[in-house]
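Novice: The following block contains the structure, expressed as structure tokens.
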Amino acid sequence: MTTATSRIETTVARVADALADPETLIRHTGDRRAAVSLDGSAGAALFLAELAAHDRDRLPAAHAQLAVAARALAGTATAGLHYGPASVLAAAQACGRLGGHYPRLRHQLTAHVAAEQLARIAAEPPGEGVAWSAYDIIAGTTGTGRLLLGAVTEGDQQERAAAEPALRATLSHLVALSLPITADGHRVPGWWVPGPLQPTGADREAFPRGDFNLGLAHGIAGPLALLALSAQAGVTVDGQLAAVGRIGGWLADRADHDAFGPYWEPRLPFDDELVRSAGASTEPSPYAAAASGGAWCYGAVGIANALARAAQLSGEPGWRRLALGSARALLRRPGTDRHLKGPTVCHGHAGFLQSLWRLGRLTGDRELLDGAAPLAGELAAMADEDAPFAFRHLAPARRDQGWDRTQRLCAEDNGGLLEGAAGVAAALLSLVPGPSADGPHWDRVLLLS
């Protein structure tokens, strides 16, 4: 074992020890309802189940966190993958992989999430613009669609029967979303989010005519990843491969380039999309700096993963070259130009590490895999001796300022997956050789696998 691997394992173990008692996590969140979240007990269980594949002695702690999350479910509704029954199903699927645990819970949650998914799709039909919840990973149909795909491909007969109709409806919904629509007399992509449906007041002010979101977490790259992953698993619906072609081609055409290489704007305003669709260029937006950065949620590395997955399915070599070029460009950029906020997954170093490493695994690219190792060392060095979970999340000082939140950040103690220490430890664990060639599995909730 190398010194670097030993340091990573020690850091991961410290996080796992801190999460062994579910009450510790609940005390720091201050809200027992937060247990049913990827940034609560459900997320901690997901990480601990991944760790248990390396060390079975960690499985009781995963079960303990999952039990707390399951008991807190009463009265909650799924708000995408991040909160509610879907987040607990993600944890139950992870724990169930190690010995077939929780069949009854998995059956109940799969049926519940499938029913909620069908109702949501019926309530948010494509056609005249949509909200993020119609398709994004965190709060929308794509994230829960990934759970349904897991139930279809790995669940027992009862899980498959419950999940498959909802999964197919999800794929058909995303296919429809990829079709062009007419807005203000112009033909535009169907995932247009009009001004009134923007998620915050700041977004409505910034995008009065709406926008087209490119990022993995909240943009069209997420549906592209799910459509490709499902097709690779043998689950397809009419028009699915054509939808992959439309979305992948659109993303490829919207790539920008700077001195380091290709990248993507995270969000194109309506009028900028009209200019781009006519073959002209636009001035960089205020979001361009973050776009060229490495965050999983909006950065080039997340989009690159989806585009590379689509290239693997379609055989389109230009998409693969573009995806790899954008990721290699990130390695060449100075660290400050990656615009990462703290150690955690969503906007931080752990998400960059996991996305870069996963893209290297997906494509077999040695440059990316070699580049991930020193990044893991840098991430492990961010551990804080005074933090109860070893890592602290940097969060906006205010949470009502839209996508381009103020740079005034404050440190939060969070043990969860997306914005907490569990996600940091899970990303570090990916660099430790595991017992199974197809692992890790936890980054399915990021639509990276």
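Starting from 1 in every chain, residues are counted up; chains themselves are A, B, ... following the order of the structure tokens, and ligands are numbered from 1 as listed.
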Which polymer residues have any atom within 10 Å of an atom of range 179-195 of chain A, counting only C-alpha atoms, with same-chain residues fewer than 3 positions away left out, as a VMD selection string?

Specialist: chain A and resid 126 to 132 134 to 135 174 to 176 198 to 201 203 to 214 219 to 220 242 to 243 246 to 247 250 268 to 270 273 to 274 277

Novice: Keeping only C-alpha atoms, write the selected residues as a CSV table (one decimal), in the first residue's frame.

Specialist:
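Dumped to selection_34.csv:
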chain,number,residue,atom,x,y,z
A,126,PRO,CA,-43.2,19.1,-22.4
A,127,GLY,CA,-44.6,21.5,-25.0
A,128,GLU,CA,-44.4,25.2,-23.9
A,129,GLY,CA,-41.4,25.3,-21.7
A,130,VAL,CA,-40.8,23.4,-18.5
A,131,ALA,CA,-39.4,23.9,-15.0
A,132,TRP,CA,-36.2,22.3,-13.8
A,134,ALA,CA,-39.4,18.3,-15.2
A,135,TYR,CA,-36.0,16.9,-15.9
A,174,LEU,CA,-37.2,13.0,-21.8
A,175,VAL,CA,-37.4,12.0,-25.5
A,176,ALA,CA,-40.4,14.4,-25.9
A,198,GLN,CA,-37.2,30.1,-13.3
A,199,PRO,CA,-36.4,28.6,-9.8
A,200,THR,CA,-35.7,31.9,-7.9
A,201,GLY,CA,-36.5,35.6,-8.1
A,203,ASP,CA,-33.0,33.8,-11.9
A,204,ARG,CA,-36.2,35.4,-13.1
A,205,GLU,CA,-34.5,38.7,-13.1
A,206,ALA,CA,-31.3,37.4,-14.8
A,207,PHE,CA,-33.3,35.4,-17.4
A,208,PRO,CA,-36.5,37.3,-18.1
A,209,ARG,CA,-37.0,35.4,-21.4
A,210,GLY,CA,-35.8,32.1,-19.9
A,211,ASP,CA,-32.7,30.1,-20.5
A,212,PHE,CA,-31.3,26.7,-21.6
A,213,ASN,CA,-29.4,24.9,-18.9
A,214,LEU,CA,-26.5,22.8,-20.0
A,219,GLY,CA,-29.4,20.9,-17.2
A,220,ILE,CA,-29.9,18.8,-20.2
A,242,ALA,CA,-32.6,10.0,-31.9
A,243,ALA,CA,-33.0,12.0,-28.7
A,246,ARG,CA,-30.3,15.7,-30.7
A,247,ILE,CA,-29.1,16.5,-27.2
A,250,TRP,CA,-26.7,20.4,-29.4
A,268,LEU,CA,-27.6,30.2,-22.2
A,269,PRO,CA,-30.1,33.0,-22.1
A,270,PHE,CA,-33.0,32.7,-24.7
A,273,GLU,CA,-29.5,30.5,-27.9
A,274,LEU,CA,-31.1,32.2,-31.0
A,277,SER,CA,-28.5,28.4,-33.4

Novice: Distance table requested - range 39-127 of chain A against range 410-423 of chain A, cut-off 8 Å, only C-alpha atoms: one row per qualifying residue with the closest atom pair and its distance in Å to one decimal, ordered by chain and rising residue number, as a Markdown table.

Specialist:
| residue | atom | partner | partner_atom | distance |
| --- | --- | --- | --- | --- |
| A:Asp39 | CA | A:Gly416 | CA | 3.6 |
| A:Gly40 | CA | A:Gly416 | CA | 5.0 |
| A:Ser41 | CA | A:Gly416 | CA | 7.1 |
| A:Gly43 | CA | A:Leu417 | CA | 4.9 |
| A:Ala44 | CA | A:Gly416 | CA | 5.6 |
| A:Phe47 | CA | A:Ala422 | CA | 5.9 |

Novice: Filtering to all heavy atoms, could you give me those residues as a PDB file, in the first residue's frame?

Specialist:
ATOM      1  N   ASP A  39     -28.317  14.630   1.976  1.00  0.00           N
ATOM      2  CA  ASP A  39     -27.447  15.351   2.889  1.00  0.00           C
ATOM      3  C   ASP A  39     -27.817  15.094   4.340  1.00  0.00           C
ATOM      4  O   ASP A  39     -27.550  15.911   5.223  1.00  0.00           O
ATOM      5  CB  ASP A  39     -27.457  16.850   2.563  1.00  0.00           C
ATOM      6  CG  ASP A  39     -26.459  17.185   1.469  1.00  0.00           C
ATOM      7  OD1 ASP A  39     -25.365  16.600   1.478  1.00  0.00           O
ATOM      8  OD2 ASP A  39     -26.772  17.997   0.595  1.00  0.00           O
ATOM      9  N   GLY A  40     -28.429  13.955   4.573  1.00  0.00           N
ATOM     10  CA  GLY A  40     -28.733  13.492   5.917  1.00  0.00           C
ATOM     11  C   GLY A  40     -28.390  12.017   6.045  1.00  0.00           C
ATOM     12  O   GLY A  40     -27.435  11.519   5.441  1.00  0.00           O
ATOM     13  N   SER A  41     -29.193  11.301   6.795  1.00  0.00           N
ATOM     14  CA  SER A  41     -28.898   9.897   7.075  1.00  0.00           C
ATOM     15  C   SER A  41     -28.912   9.030   5.815  1.00  0.00           C
ATOM     16  O   SER A  41     -28.146   8.067   5.704  1.00  0.00           O
ATOM     17  CB  SER A  41     -29.909   9.346   8.083  1.00  0.00           C
ATOM     18  OG  SER A  41     -29.792  10.026   9.311  1.00  0.00           O
ATOM     19  N   GLY A  43     -27.934   9.868   2.797  1.00  0.00           N
ATOM     20  CA  GLY A  43     -26.638  10.029   2.140  1.00  0.00           C
ATOM     21  C   GLY A  43     -25.514   9.363   2.906  1.00  0.00           C
ATOM     22  O   GLY A  43     -24.601   8.767   2.303  1.00  0.00           O
ATOM     23  N   ALA A  44     -25.550   9.455   4.234  1.00  0.00           N
ATOM     24  CA  ALA A  44     -24.535   8.781   5.035  1.00  0.00           C
ATOM     25  C   ALA A  44     -24.599   7.273   4.842  1.00  0.00           C
ATOM     26  O   ALA A  44     -23.569   6.597   4.735  1.00  0.00           O
ATOM     27  CB  ALA A  44     -24.723   9.139   6.507  1.00  0.00           C
ATOM     28  N   PHE A  47     -22.936   6.255   1.510  1.00  0.00           N
ATOM     29  CA  PHE A  47     -21.474   6.205   1.613  1.00  0.00           C
ATOM     30  C   PHE A  47     -21.013   4.996   2.420  1.00  0.00           C
ATOM     31  O   PHE A  47     -20.091   4.276   2.013  1.00  0.00           O
ATOM     32  CB  PHE A  47     -20.952   7.495   2.248  1.00  0.00           C
ATOM     33  CG  PHE A  47     -19.627   7.329   2.951  1.00  0.00           C
ATOM     34  CD1 PHE A  47     -18.491   6.931   2.250  1.00  0.00           C
ATOM     35  CD2 PHE A  47     -19.522   7.548   4.318  1.00  0.00           C
ATOM     36  CE1 PHE A  47     -17.270   6.755   2.910  1.00  0.00           C
ATOM     37  CE2 PHE A  47     -18.313   7.383   4.973  1.00  0.00           C
ATOM     38  CZ  PHE A  47     -17.184   6.980   4.270  1.00  0.00           C
TER      39      PHE A  47
END

Novice: Restricting the calculation to only C-alpha atoms: of A:Arg254, A:Arg104, A:Arg33, A:Arg58, which residue gets closest to Val15 in chain A?

Specialist: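 Smallest distance to Val15 in chain A is found for A:Arg58.
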
Novice: Using only C-alpha atoms, which of A:Gly99, A:Pro223, A:Gly155, A:Gly364 sits nearest Leu324 in chain A?

Specialist: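 That would be A:Gly364, the residue with the smallest distance to Leu324 in chain A.
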
Novice: Counting only C-alpha atoms, which of A:Ala70, A:Ala122, A:Val152, A:Leu353 gets nearest to Tyr102 in chain A?

Specialist: A:Ala70

Novice: How would you write, as a list in words, the set of residues in range 5-106 of chain A that DSSP gives as strand (DSSP E or B)?

Specialist: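 Answer for range 5-106 of chain A restricted to strand (DSSP E or B) is Ser37, Ala79, Leu81 and Tyr83 of chain A.
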
Novice: Go ahead and save the picked residues with N, CA, C and O atoms, as an mmCIF file, in the first residue's frame.

Specialist:
data_model
loop_
_atom_site.group_PDB
_atom_site.id
_atom_site.type_symbol
_atom_site.label_atom_id
_atom_site.label_comp_id
_atom_site.auth_asym_id
_atom_site.auth_seq_id
_atom_site.Cartn_x
_atom_site.Cartn_y
_atom_site.Cartn_z
ATOM 1 N N SER A 37 -32.761 12.585 3.410
ATOM 2 C CA SER A 37 -32.103 13.426 2.419
ATOM 3 C C SER A 37 -30.734 12.849 2.104
ATOM 4 O O SER A 37 -30.108 12.189 2.942
ATOM 5 N N ALA A 79 -38.970 14.846 -3.403
ATOM 6 C CA ALA A 79 -38.637 16.091 -4.091
ATOM 7 C C ALA A 79 -37.411 15.800 -4.942
ATOM 8 O O ALA A 79 -36.318 16.298 -4.696
ATOM 9 N N LEU A 81 -34.428 13.298 -6.370
ATOM 10 C CA LEU A 81 -33.539 12.326 -5.740
ATOM 11 C C LEU A 81 -33.015 12.809 -4.389
ATOM 12 O O LEU A 81 -32.672 12.005 -3.524
ATOM 13 N N TYR A 83 -34.379 14.467 -1.747
ATOM 14 C CA TYR A 83 -35.129 14.443 -0.494
ATOM 15 C C TYR A 83 -36.336 13.513 -0.599
ATOM 16 O O TYR A 83 -36.991 13.425 -1.626
#

Novice: When you count only C-alpha atoms, which of these residues is closest to Ala426 in chain A: A:Ser6, A:Gln157, A:Gln232, A:Thr11?

Specialist: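 Smallest distance to Ala426 in chain A is found for A:Thr11.
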
Novice: For Ile137 in chain A, which of A:Ala376, A:Ala259, A:Ala381, A:Ala221 is the closest residue, counting only C-alpha atoms?

Specialist: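 The shortest atom-to-atom distance to Ile137 in chain A comes from A:Ala221.
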
Novice: Could you tell me how far CA of Gly100 in chain A sits from CA of Asp156 in chain A, in Å to one decimal place?

Specialist: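 Those two atoms sit 9.8 Å apart.
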
Novice: Need the shell around Glu159 in chain A: protein/DNA/RNA residues with any atom at most 7 Å away, counting only C-alpha atoms. Skip same-chain ones fewer than 5 positions apart. Format as a ChimeraX atom specification?

Specialist: /A:107,110,151-152

Novice: Find the distance between CA of Leu241 in chain A and CA of Arg146 in chain A and write it in Å to one decimal.

Specialist: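 Between these atoms lies a distance of 17.4 Å.
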
Novice: For a test of reading the model, state the distance in Å between CA of Leu369 in chain A and CA of Leu251 in chain A, rounded to one decimal.

Specialist: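 Spanning CA of Leu369 in chain A to CA of Leu251 in chain A is a straight-line distance of 24.2 Å.
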
Novice: Pick the closest to Ala255 in chain A from A:Ala86, A:Ala300, A:Asp57, A:Gly351: which is it, counting only C-alpha atoms?

Specialist: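 Checking each of A:Ala86, A:Ala300, A:Asp57, A:Gly351 against Ala255 in chain A, counting only C-alpha atoms, the winner is A:Ala300.
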
Novice: List the spatial neighbours of Ala90 in chain A as number ranges by chain - criterion: any atom at most 9 Å away, only C-alpha atoms, same-chain residues fewer than 6 positions off excluded.

Specialist: A: 38, 42-43, 46, 81, 147, 442, 445
